[in-house]
$ cat final.cif   # mmCIF, C-alpha atoms
data_input
#
loop_
_atom_site.group_PDB
_atom_site.id
_atom_site.type_symbol
_atom_site.label_atom_id
_atom_site.label_comp_id
_atom_site.auth_asym_id
_atom_site.auth_seq_id
_atom_site.Cartn_x
_atom_site.Cartn_y
_atom_site.Cartn_z
ATOM 1 C CA MET A 18 -0.818 20.366 4.554
ATOM 2 C CA THR A 19 1.296 22.111 1.903
ATOM 3 C CA VAL A 20 4.396 21.764 4.086
ATOM 4 C CA VAL A 21 3.727 18.033 4.543
ATOM 5 C CA VAL A 22 3.327 17.543 0.789
ATOM 6 C CA LEU A 23 6.535 19.454 0.071
ATOM 7 C CA LEU A 24 8.435 17.403 2.633
ATOM 8 C CA ALA A 25 7.076 14.182 1.106
ATOM 9 C CA VAL A 26 8.139 15.266 -2.377
ATOM 10 C CA ALA A 27 11.576 16.283 -1.125
ATOM 11 C CA LEU A 28 12.000 12.908 0.599
ATOM 12 C CA ALA A 29 10.933 11.070 -2.556
ATOM 13 C CA VAL A 30 13.399 13.020 -4.699
ATOM 14 C CA ALA A 31 16.202 12.471 -2.190
ATOM 15 C CA LEU A 32 15.467 8.722 -2.066
ATOM 16 C CA PHE A 33 15.458 8.547 -5.866
ATOM 17 C CA PHE A 34 18.920 10.064 -6.232
ATOM 18 C CA TRP A 35 20.275 8.157 -3.232
ATOM 19 C CA ALA A 36 19.011 4.866 -4.658
ATOM 20 C CA GLY A 37 20.582 5.623 -8.026
ATOM 21 C CA GLY A 38 23.959 5.996 -6.344
ATOM 22 C CA GLN A 39 23.578 2.638 -4.578
ATOM 23 C CA LEU A 40 22.991 0.517 -7.696
ATOM 24 C CA HIS A 41 25.481 -2.298 -8.339
ATOM 25 C CA GLN A 42 25.659 -2.707 -12.095
ATOM 26 C CA MET A 43 27.301 -5.535 -14.024
ATOM 27 C CA ASP A 44 27.995 -6.585 -17.593
ATOM 28 C CA ALA A 45 25.136 -9.039 -18.105
ATOM 29 C CA LEU A 46 23.833 -8.429 -21.629
ATOM 30 C CA SER A 47 25.672 -8.640 -24.925
ATOM 31 C CA GLY A 48 25.102 -8.546 -28.641
ATOM 32 C CA TYR A 49 25.894 -11.594 -30.768
ATOM 33 C CA PRO A 50 24.967 -12.875 -34.238
ATOM 34 C CA GLY A 51 21.416 -14.204 -34.279
ATOM 35 C CA ARG A 52 20.324 -12.488 -31.079
ATOM 36 C CA PRO A 53 16.503 -12.184 -30.938
ATOM 37 C CA SER A 54 15.192 -8.762 -31.867
ATOM 38 C CA SER A 55 13.177 -6.762 -29.367
ATOM 39 C CA GLY A 56 9.543 -7.724 -28.995
ATOM 40 C CA LYS A 57 6.768 -5.698 -27.400
ATOM 41 C CA GLY A 58 6.903 -4.867 -23.705
ATOM 42 C CA THR A 59 9.842 -5.396 -21.343
ATOM 43 C CA ASN A 60 11.554 -8.622 -20.263
ATOM 44 C CA TRP A 61 13.609 -9.029 -17.083
ATOM 45 C CA LEU A 62 15.710 -12.093 -16.345
ATOM 46 C CA LEU A 63 15.808 -12.601 -12.566
ATOM 47 C CA ALA A 64 18.450 -14.978 -11.236
ATOM 48 C CA GLY A 65 19.099 -16.315 -7.766
ATOM 49 C CA SER A 66 22.764 -17.268 -7.459
ATOM 50 C CA ASP A 67 23.803 -20.108 -5.134
ATOM 51 C CA SER A 68 27.298 -18.679 -4.679
ATOM 52 C CA ARG A 69 28.832 -19.357 -1.242
ATOM 53 C CA ARG A 70 31.847 -17.145 -2.007
ATOM 54 C CA ASP A 71 31.076 -14.441 0.574
ATOM 55 C CA LEU A 72 29.711 -16.746 3.283
ATOM 56 C CA THR A 73 31.640 -17.623 6.419
ATOM 57 C CA PRO A 74 31.613 -21.274 7.595
ATOM 58 C CA GLU A 75 29.149 -20.246 10.320
ATOM 59 C CA GLN A 76 26.827 -18.641 7.764
ATOM 60 C CA GLN A 77 27.052 -21.713 5.526
ATOM 61 C CA ARG A 78 25.996 -23.880 8.477
ATOM 62 C CA LYS A 79 23.183 -21.561 9.556
ATOM 63 C CA LEU A 80 21.779 -21.239 6.037
ATOM 64 C CA HIS A 81 22.093 -24.999 5.277
ATOM 65 C CA VAL A 82 23.827 -24.285 1.952
ATOM 66 C CA GLY A 83 26.917 -26.486 2.213
ATOM 67 C CA ARG A 84 30.403 -25.577 1.038
ATOM 68 C CA ASP A 85 30.181 -26.155 -2.706
ATOM 69 C CA ALA A 86 32.746 -23.849 -4.315
ATOM 70 C CA GLY A 87 30.960 -23.846 -7.673
ATOM 71 C CA ARG A 88 28.374 -21.313 -8.737
ATOM 72 C CA ASN A 89 25.063 -21.970 -10.380
ATOM 73 C CA THR A 90 21.567 -20.510 -10.305
ATOM 74 C CA ASP A 91 18.973 -21.798 -7.876
ATOM 75 C CA THR A 92 16.337 -19.518 -9.420
ATOM 76 C CA VAL A 93 15.706 -18.387 -13.010
ATOM 77 C CA LEU A 94 12.601 -16.280 -13.622
ATOM 78 C CA LEU A 95 11.476 -14.302 -16.647
ATOM 79 C CA LEU A 96 9.318 -11.276 -15.843
ATOM 80 C CA HIS A 97 7.379 -9.652 -18.685
ATOM 81 C CA TYR A 98 5.261 -6.533 -18.550
ATOM 82 C CA GLY A 99 3.661 -4.326 -21.175
ATOM 83 C CA ASP A 100 0.095 -3.917 -22.434
ATOM 84 C CA SER A 101 -0.463 -7.532 -21.352
ATOM 85 C CA GLY A 102 0.669 -9.172 -18.146
ATOM 86 C CA PRO A 103 2.622 -8.876 -16.044
ATOM 87 C CA TYR A 104 3.697 -12.488 -16.394
ATOM 88 C CA LEU A 105 6.237 -14.188 -14.141
ATOM 89 C CA VAL A 106 7.535 -17.275 -15.939
ATOM 90 C CA SER A 107 9.607 -19.837 -14.057
ATOM 91 C CA LEU A 108 12.375 -21.501 -16.051
ATOM 92 C CA PRO A 109 13.324 -24.543 -13.916
ATOM 93 C CA ARG A 110 17.046 -24.754 -13.212
ATOM 94 C CA ASP A 111 16.990 -28.390 -14.417
ATOM 95 C CA SER A 112 15.603 -27.414 -17.844
ATOM 96 C CA TYR A 113 17.517 -29.313 -20.535
ATOM 97 C CA VAL A 114 18.511 -26.661 -23.074
ATOM 98 C CA GLU A 115 21.255 -25.757 -25.524
ATOM 99 C CA VAL A 116 24.005 -23.770 -23.808
ATOM 100 C CA PRO A 117 25.657 -21.824 -26.661
ATOM 101 C CA GLY A 118 29.135 -23.187 -27.347
ATOM 102 C CA HIS A 119 28.790 -25.959 -24.749
ATOM 103 C CA GLY A 120 26.130 -28.363 -26.018
ATOM 104 C CA ARG A 121 22.958 -29.382 -24.205
ATOM 105 C CA ASN A 122 22.937 -29.164 -20.426
ATOM 106 C CA LYS A 123 20.860 -27.995 -17.484
ATOM 107 C CA LEU A 124 19.935 -24.312 -17.625
ATOM 108 C CA ASN A 125 21.686 -23.536 -14.348
ATOM 109 C CA ALA A 126 24.967 -24.840 -15.759
ATOM 110 C CA ALA A 127 25.112 -21.846 -18.120
ATOM 111 C CA TYR A 128 25.727 -19.502 -15.194
ATOM 112 C CA GLY A 129 28.402 -21.760 -13.761
ATOM 113 C CA ILE A 130 30.198 -21.904 -17.113
ATOM 114 C CA GLY A 131 29.960 -18.297 -18.242
ATOM 115 C CA GLY A 132 28.189 -16.203 -15.616
ATOM 116 C CA ALA A 133 25.337 -13.808 -16.276
ATOM 117 C CA LYS A 134 26.209 -13.138 -19.929
ATOM 118 C CA LEU A 135 26.066 -16.804 -20.913
ATOM 119 C CA LEU A 136 22.922 -17.328 -18.831
ATOM 120 C CA THR A 137 21.092 -14.467 -20.574
ATOM 121 C CA ARG A 138 22.232 -15.680 -23.988
ATOM 122 C CA THR A 139 21.102 -19.225 -23.169
ATOM 123 C CA VAL A 140 17.673 -17.983 -22.102
ATOM 124 C CA GLU A 141 17.359 -15.779 -25.174
ATOM 125 C CA GLN A 142 18.259 -18.621 -27.522
ATOM 126 C CA ALA A 143 15.955 -21.097 -25.758
ATOM 127 C CA THR A 144 12.939 -18.788 -25.614
ATOM 128 C CA GLY A 145 13.351 -16.552 -28.665
ATOM 129 C CA LEU A 146 12.911 -13.533 -26.384
ATOM 130 C CA ARG A 147 15.318 -10.639 -25.979
ATOM 131 C CA VAL A 148 16.244 -9.969 -22.354
ATOM 132 C CA ASP A 149 16.015 -6.212 -21.739
ATOM 133 C CA HIS A 150 17.220 -6.208 -18.132
ATOM 134 C CA TYR A 151 18.903 -8.558 -15.682
ATOM 135 C CA ALA A 152 18.885 -8.728 -11.872
ATOM 136 C CA GLU A 153 20.754 -11.137 -9.618
ATOM 137 C CA LEU A 154 20.492 -11.938 -5.911
ATOM 138 C CA ASP A 155 22.550 -14.411 -3.861
ATOM 139 C CA PHE A 156 21.740 -16.458 -0.734
ATOM 140 C CA LEU A 157 22.902 -13.934 1.850
ATOM 141 C CA GLY A 158 21.325 -11.028 -0.024
ATOM 142 C CA LEU A 159 17.932 -12.733 0.021
ATOM 143 C CA VAL A 160 18.158 -13.377 3.757
ATOM 144 C CA ARG A 161 19.068 -9.762 4.482
ATOM 145 C CA VAL A 162 16.265 -8.349 2.319
ATOM 146 C CA VAL A 163 13.616 -10.524 3.986
ATOM 147 C CA ASP A 164 14.946 -9.632 7.448
ATOM 148 C CA ALA A 165 14.978 -5.911 6.598
ATOM 149 C CA LEU A 166 11.290 -6.214 5.734
ATOM 150 C CA GLY A 167 10.577 -7.822 9.095
ATOM 151 C CA GLY A 168 9.855 -11.161 7.445
ATOM 152 C CA VAL A 169 7.240 -12.298 4.942
ATOM 153 C CA ARG A 170 4.096 -14.412 5.102
ATOM 154 C CA LEU A 171 4.206 -17.631 3.081
ATOM 155 C CA CYS A 172 1.641 -20.409 2.820
ATOM 156 C CA LEU A 173 1.813 -24.141 2.172
ATOM 157 C CA ASP A 174 -0.912 -26.570 1.145
ATOM 158 C CA ALA A 175 0.942 -29.438 2.857
ATOM 159 C CA PRO A 176 3.760 -29.766 5.419
ATOM 160 C CA LEU A 177 7.261 -29.258 4.026
ATOM 161 C CA LYS A 178 10.327 -30.855 5.574
ATOM 162 C CA ASP A 179 13.708 -31.005 3.864
ATOM 163 C CA GLU A 180 16.858 -31.800 5.832
ATOM 164 C CA LYS A 181 19.211 -30.446 3.170
ATOM 165 C CA SER A 182 17.611 -27.004 3.015
ATOM 166 C CA GLY A 183 16.592 -26.892 6.690
ATOM 167 C CA ALA A 184 12.893 -26.528 5.851
ATOM 168 C CA ASP A 185 10.459 -27.786 8.493
ATOM 169 C CA PHE A 186 7.079 -26.090 8.094
ATOM 170 C CA PRO A 187 3.515 -27.170 8.828
ATOM 171 C CA ALA A 188 0.692 -26.760 6.355
ATOM 172 C CA GLY A 189 -0.896 -23.325 6.388
ATOM 173 C CA CYS A 190 0.602 -19.857 6.566
ATOM 174 C CA SER A 191 3.748 -18.927 8.473
ATOM 175 C CA HIS A 192 5.612 -15.680 9.071
ATOM 176 C CA MET A 193 9.195 -16.394 8.007
ATOM 177 C CA ASP A 194 12.428 -14.533 8.632
ATOM 178 C CA GLY A 195 15.256 -14.594 6.094
ATOM 179 C CA VAL A 196 16.789 -17.918 7.111
ATOM 180 C CA ARG A 197 13.429 -19.695 7.135
ATOM 181 C CA ALA A 198 12.436 -18.114 3.816
ATOM 182 C CA LEU A 199 15.663 -19.363 2.239
ATOM 183 C CA ALA A 200 15.000 -22.879 3.541
ATOM 184 C CA TYR A 201 11.444 -22.693 2.174
ATOM 185 C CA VAL A 202 12.539 -21.612 -1.286
ATOM 186 C CA ARG A 203 15.466 -24.053 -1.619
ATOM 187 C CA ALA A 204 13.628 -27.221 -0.532
ATOM 188 C CA ARG A 205 13.189 -29.783 -3.278
ATOM 189 C CA TYR A 206 14.570 -33.190 -2.284
ATOM 190 C CA SER A 207 11.549 -34.132 -0.161
ATOM 191 C CA ASP A 208 9.081 -32.585 -2.623
ATOM 192 C CA PRO A 209 7.580 -35.221 -4.961
ATOM 193 C CA ARG A 210 7.458 -32.531 -7.674
ATOM 194 C CA GLY A 211 11.189 -31.853 -7.302
ATOM 195 C CA ASP A 212 12.326 -28.767 -9.190
ATOM 196 C CA LEU A 213 8.771 -28.030 -10.351
ATOM 197 C CA GLY A 214 7.638 -27.717 -6.738
ATOM 198 C CA ARG A 215 10.562 -25.493 -5.923
ATOM 199 C CA VAL A 216 9.848 -23.039 -8.750
ATOM 200 C CA THR A 217 6.324 -22.566 -7.394
ATOM 201 C CA ARG A 218 7.779 -21.583 -4.016
ATOM 202 C CA GLN A 219 10.351 -19.338 -5.689
ATOM 203 C CA ARG A 220 7.580 -17.341 -7.350
ATOM 204 C CA ALA A 221 5.638 -17.202 -4.088
ATOM 205 C CA LEU A 222 8.629 -15.795 -2.196
ATOM 206 C CA MET A 223 9.528 -13.229 -4.858
ATOM 207 C CA SER A 224 5.921 -12.060 -4.988
ATOM 208 C CA ALA A 225 5.730 -11.888 -1.186
ATOM 209 C CA VAL A 226 8.895 -9.776 -1.003
ATOM 210 C CA ALA A 227 7.628 -7.377 -3.687
ATOM 211 C CA GLY A 228 4.211 -7.184 -2.051
ATOM 212 C CA GLU A 229 5.712 -6.365 1.342
ATOM 213 C CA MET A 230 8.268 -3.895 -0.038
ATOM 214 C CA LEU A 231 5.627 -1.942 -1.958
ATOM 215 C CA GLY A 232 2.846 -2.318 0.596
ATOM 216 C CA PRO A 233 1.683 0.694 2.624
ATOM 217 C CA GLY A 234 3.300 -0.604 5.822
ATOM 218 C CA VAL A 235 6.761 -0.131 4.280
ATOM 219 C CA LEU A 236 6.230 2.327 1.443
ATOM 220 C CA LEU A 237 4.604 4.967 3.653
ATOM 221 C CA ASN A 238 6.959 4.533 6.604
ATOM 222 C CA PRO A 239 10.444 6.004 6.012
ATOM 223 C CA PHE A 240 11.780 4.202 9.092
ATOM 224 C CA ARG A 241 10.960 0.867 7.419
ATOM 225 C CA LEU A 242 11.368 1.907 3.789
ATOM 226 C CA VAL A 243 14.955 3.195 3.982
ATOM 227 C CA PRO A 244 16.433 0.061 5.692
ATOM 228 C CA ALA A 245 14.495 -2.194 3.314
ATOM 229 C CA LEU A 246 15.671 -0.262 0.260
ATOM 230 C CA ASP A 247 19.224 -0.211 1.584
ATOM 231 C CA ALA A 248 19.220 -4.007 2.008
ATOM 232 C CA ALA A 249 17.659 -4.582 -1.422
ATOM 233 C CA LEU A 250 20.057 -2.272 -3.257
ATOM 234 C CA ALA A 251 23.052 -3.768 -1.460
ATOM 235 C CA ALA A 252 21.943 -7.285 -2.392
ATOM 236 C CA LEU A 253 20.973 -6.741 -6.031
ATOM 237 C CA ARG A 254 23.262 -6.674 -9.042
ATOM 238 C CA VAL A 255 21.663 -5.393 -12.232
ATOM 239 C CA ASP A 256 22.648 -4.907 -15.851
ATOM 240 C CA GLU A 257 24.509 -1.783 -16.889
ATOM 241 C CA ARG A 258 21.429 -0.190 -18.472
ATOM 242 C CA ALA A 259 19.039 -0.657 -15.536
ATOM 243 C CA GLY A 260 18.182 2.396 -13.444
ATOM 244 C CA VAL A 261 15.955 3.234 -10.500
ATOM 245 C CA VAL A 262 12.912 3.774 -12.743
ATOM 246 C CA ASP A 263 13.422 0.341 -14.326
ATOM 247 C CA LEU A 264 13.729 -1.307 -10.909
ATOM 248 C CA THR A 265 10.589 0.466 -9.727
ATOM 249 C CA GLN A 266 8.641 -0.785 -12.751
ATOM 250 C CA MET A 267 9.956 -4.272 -12.130
ATOM 251 C CA GLY A 268 8.937 -4.158 -8.465
ATOM 252 C CA LEU A 269 5.457 -2.844 -9.264
ATOM 253 C CA SER A 270 4.964 -5.630 -11.800
ATOM 254 C CA MET A 271 6.033 -8.224 -9.231
ATOM 255 C CA LYS A 272 3.514 -6.747 -6.797
ATOM 256 C CA GLN A 273 0.789 -7.033 -9.441
ATOM 257 C CA VAL A 274 1.600 -10.729 -9.731
ATOM 258 C CA ALA A 275 1.444 -11.023 -5.934
ATOM 259 C CA ASP A 276 -1.913 -9.226 -5.867
ATOM 260 C CA GLY A 277 -3.375 -11.520 -8.513
ATOM 261 C CA SER A 278 -3.649 -8.962 -11.299
ATOM 262 C CA GLY A 279 -0.761 -10.646 -13.126
ATOM 263 C CA LYS A 280 -0.066 -14.319 -13.790
ATOM 264 C CA ALA A 281 2.626 -16.693 -12.569
ATOM 265 C CA VAL A 282 3.383 -19.733 -14.736
ATOM 266 C CA THR A 283 6.024 -22.382 -15.345
ATOM 267 C CA VAL A 284 7.324 -23.165 -18.809
ATOM 268 C CA PRO A 285 5.443 -26.345 -19.882
ATOM 269 C CA VAL A 286 7.459 -29.572 -19.627
ATOM 270 C CA THR A 287 6.882 -33.062 -21.001
ATOM 271 C CA GLY A 288 6.944 -34.792 -17.625
ATOM 272 C CA PRO A 289 8.319 -34.800 -14.068
ATOM 273 C CA GLY A 290 11.895 -35.566 -15.130
ATOM 274 C CA GLU A 291 14.176 -37.641 -17.333
ATOM 275 C CA GLN A 292 17.637 -39.113 -16.820
ATOM 276 C CA VAL A 293 20.271 -37.925 -19.292
ATOM 277 C CA ALA A 294 23.833 -39.235 -19.303
ATOM 278 C CA GLY A 295 26.260 -36.575 -18.142
ATOM 279 C CA ALA A 296 23.491 -34.231 -16.925
ATOM 280 C CA GLY A 297 21.490 -36.333 -14.472
ATOM 281 C CA ASP A 298 17.801 -35.692 -13.821
ATOM 282 C CA VAL A 299 16.539 -33.031 -16.233
ATOM 283 C CA LEU A 300 13.285 -31.394 -17.301
ATOM 284 C CA VAL A 301 12.451 -31.334 -21.000
ATOM 285 C CA TRP A 302 10.264 -28.511 -22.260
ATOM 286 C CA ASP A 303 7.095 -29.321 -24.173
ATOM 287 C CA ARG A 304 8.303 -27.764 -27.406
ATOM 288 C CA GLU A 305 4.940 -26.790 -28.867
ATOM 289 C CA LYS A 306 3.395 -25.442 -25.644
ATOM 290 C CA ALA A 307 6.584 -23.573 -24.747
ATOM 291 C CA ARG A 308 6.717 -22.077 -28.247
ATOM 292 C CA ARG A 309 3.136 -20.797 -27.907
ATOM 293 C CA LEU A 310 3.888 -19.326 -24.477
ATOM 294 C CA PHE A 311 6.989 -17.444 -25.586
ATOM 295 C CA ARG A 312 5.389 -16.319 -28.839
ATOM 296 C CA ALA A 313 2.573 -14.722 -26.814
ATOM 297 C CA VAL A 314 5.071 -13.050 -24.474
ATOM 298 C CA ARG A 315 7.057 -11.709 -27.411
ATOM 299 C CA ALA A 316 3.913 -10.239 -28.973
ATOM 300 C CA ASP A 317 2.778 -8.901 -25.572
ATOM 301 C CA GLU A 318 -0.469 -10.841 -25.852
ATOM 302 C CA PRO A 319 -2.449 -12.952 -23.350
ATOM 303 C CA ILE A 320 -0.600 -16.169 -22.660
ATOM 304 C CA PRO A 321 -2.298 -19.451 -23.725
ATOM 305 C CA THR A 322 -4.454 -21.182 -21.141
ATOM 306 C CA SER A 323 -2.346 -24.342 -21.425
ATOM 307 C CA ALA A 324 0.573 -22.459 -19.808
ATOM 308 C CA GLU A 325 -1.386 -21.176 -16.814
ATOM 309 C CA LYS A 326 -0.360 -23.678 -14.183
#

$ encode --input "final.cif" --output "C-alpha cells"
Amino acid sequence: MTVVVLLAVALAVALFFWAGGQLHQMDALSGYPGRPSSGKGTNWLLAGSDSRRDLTPEQQRKLHVGRDAGRNTDTVLLLHYGDSGPYLVSLPRDSYVEVPGHGRNKLNAAYGIGGAKLLTRTVEQATGLRVDHYAELDFLGLVRVVDALGGVRLCLDAPLKDEKSGADFPAGCSHMDGVRALAYVRARYSDPRGDLGRVTRQRALMSAVAGEMLGPGVLLNPFRLVPALDAALAALRVDERAGVVDLTQMGLSMKQVADGSGKAVTVPVTGPGEQVAGAGDVLVWDREKARRLFRAVRADEPIPTSAEK
C-alpha cells in the first residue's frame, strides 16, 4: 500500500510540473486609471473565441462556423468563488455596454476591436468588478477537449435544430462528441430566446466539461487524465499571472456549479432584445438588478434571488 501511495504522489507531482510547462499565457489584464479595486474572493473571465484563423476549409465546413475572418467572442462568462459561491454569471455577447474608447456597442465587439485586454477592461467597467484571471478557448480547442474526454452528456427540455450551427437534437439527454457539443452551444437562430437561450447552453457545456474532467472516471485514470489534460492545456490561453493551482481552483469551482453546490445565473436584462442603429439586436441590462448582482459578487455575499434564473 505504501508503494502505491508513493507512486500516486510521484505521479501527481510530475503532472503538476508538466502541466505548468504546458501553460499558454497571454497579456490579458492591464492597469488603467479608474480600474476597480479588488473585492473579496476571486473572479475569472472566461471567453470563447469564434476565431477561424487556424481552421482549414474542411474544418470550417465540418464545424459549421463559416469563413468570417473577424474575431469576436461567442461566450463571455464571469466565474466567482470565495466564501460565497461559486457563481457562474453569463454576460450575453449581445449585451449593450460601453466599450472604453469606442462608445456603446455589443460586448463581443470589444474583443474584436482590442482583443482580451479590451474585453477584460470592458467587463470590469460594466460590472464594477476587478478581473483577477482570464482564460480563453477557441472553436477547435473546445472540440478537441470534449473529444479527449470521450464526449459529454447534455440535456434539452425541447428539441433543438439550427441549420447555421448544425444542431439537430431531440429533447432529453444525449452523449455528444466535440462537433455536436459545439453545434449545441452555438445554436441561437432557431431558439426563441436567442442569445439568452444560448448562454444557458454555454453554462451547461462548461459545467459538463468540468464535471467530466474532475470526475473519478478521468481523475483517477491516468490513461484518460493525461490526454484530457494535454488537450485542455493545448487549447487554453490564460493570463500571465495564472498558474496550475489557479486553474485547478477554477476547475473545481466549475465542477461545484455542475454538481449544484454553486449557482449559474445570467445578468438580468430588461427584455428579450432591442434594435439599436449601428449595433443591431442588443440586450440591455436591467441596471438596478445588475448592480445588486455585481455588488453581491464584489462583497463575496449571496447573490440576490432576483438574479437566480

$ closest_residue --input "final.cif" --among "A:Leu253, A:Leu171, A:Val299, A:Ala188" --to "Ser66 (chain A)" --atoms "only C-alpha atoms"
A:Leu253

$ residues_near_point --input "final.cif" --point "(21.7, -24.5, -17.2)" --cutoff "12 Å" --atoms "only C-alpha atoms" --output "PyMOL selection string"
chain A and resi 64+88-93+108-117+119-133+135-140+143+296+299-300

$ closest_residue --input "final.cif" --among "A:Val301, A:Tyr201, A:Met271, A:Gly260" --to "Met223 (chain A)" --atoms "only C-alpha atoms"
A:Met271

$ axis_aligned_box --input "final.cif" --around "region 237-241 of chain A" --padding-each-side "4 Å" --output "JSON"
{"center_x": 8.2, "center_y": 3.4, "center_z": 6.4, "size_x": 15.2, "size_y": 13.1, "size_z": 13.4}

$ residues_around --input "final.cif" --residues "Ala281 (chain A)" --least-positions-apart "4" --cutoff "7 Å" --atoms "only C-alpha atoms" --output "list in words"
Tyr104, Leu105, Val106 and Val274 of chain A

$ atom_distance --input "final.cif" --atom1 "CA of Ser54 (chain A)" --atom2 "CA of Ser278 (chain A)"
27.9 Å

$ resolve_selection --input "final.cif" --expression "the PyMOL selection byres ((chain A and resi 191) around 9)" --output "list in words"
Val169, Arg170, Leu171, Cys172, Leu173, Phe186, Pro187, Ala188, Gly189, Cys190, His192 and Met193 of chain A

$ write_last_selection --input "final.cif" --atoms "C-alpha atoms" --output "PDB file, in the frame of the given file"
ATOM      1  CA  VAL A 169       7.240 -12.298   4.942  1.00  0.00           C
ATOM      2  CA  ARG A 170       4.096 -14.412   5.102  1.00  0.00           C
ATOM      3  CA  LEU A 171       4.206 -17.631   3.081  1.00  0.00           C
ATOM      4  CA  CYS A 172       1.641 -20.409   2.820  1.00  0.00           C
ATOM      5  CA  LEU A 173       1.813 -24.141   2.172  1.00  0.00           C
ATOM      6  CA  PHE A 186       7.079 -26.090   8.094  1.00  0.00           C
ATOM      7  CA  PRO A 187       3.515 -27.170   8.828  1.00  0.00           C
ATOM      8  CA  ALA A 188       0.692 -26.760   6.355  1.00  0.00           C
ATOM      9  CA  GLY A 189      -0.896 -23.325   6.388  1.00  0.00           C
ATOM     10  CA  CYS A 190       0.602 -19.857   6.566  1.00  0.00           C
ATOM     11  CA  HIS A 192       5.612 -15.680   9.071  1.00  0.00           C
ATOM     12  CA  MET A 193       9.195 -16.394   8.007  1.00  0.00           C
TER      13      MET A 193
END

$ residues_around --input "final.cif" --residues "His97 (chain A)" --least-positions-apart "6" --cutoff "8 Å" --atoms "only C-alpha atoms" --output "MDAnalysis selection string"
chainID A and resid 58:61 103:105 314

$ closest_residue --input "final.cif" --among "A:Gly214, A:Gly99, A:Gly65, A:Gly183" --to "Gly158 (chain A)" --atoms "only C-alpha atoms"
A:Gly65

$ atom_distance --input "final.cif" --atom1 "CA of Leu154 (chain A)" --atom2 "CA of Ala248 (chain A)"
11.3 Å

$ atom_distance --input "final.cif" --atom1 "CA of Arg315 (chain A)" --atom2 "CA of Tyr98 (chain A)"
10.4 Å
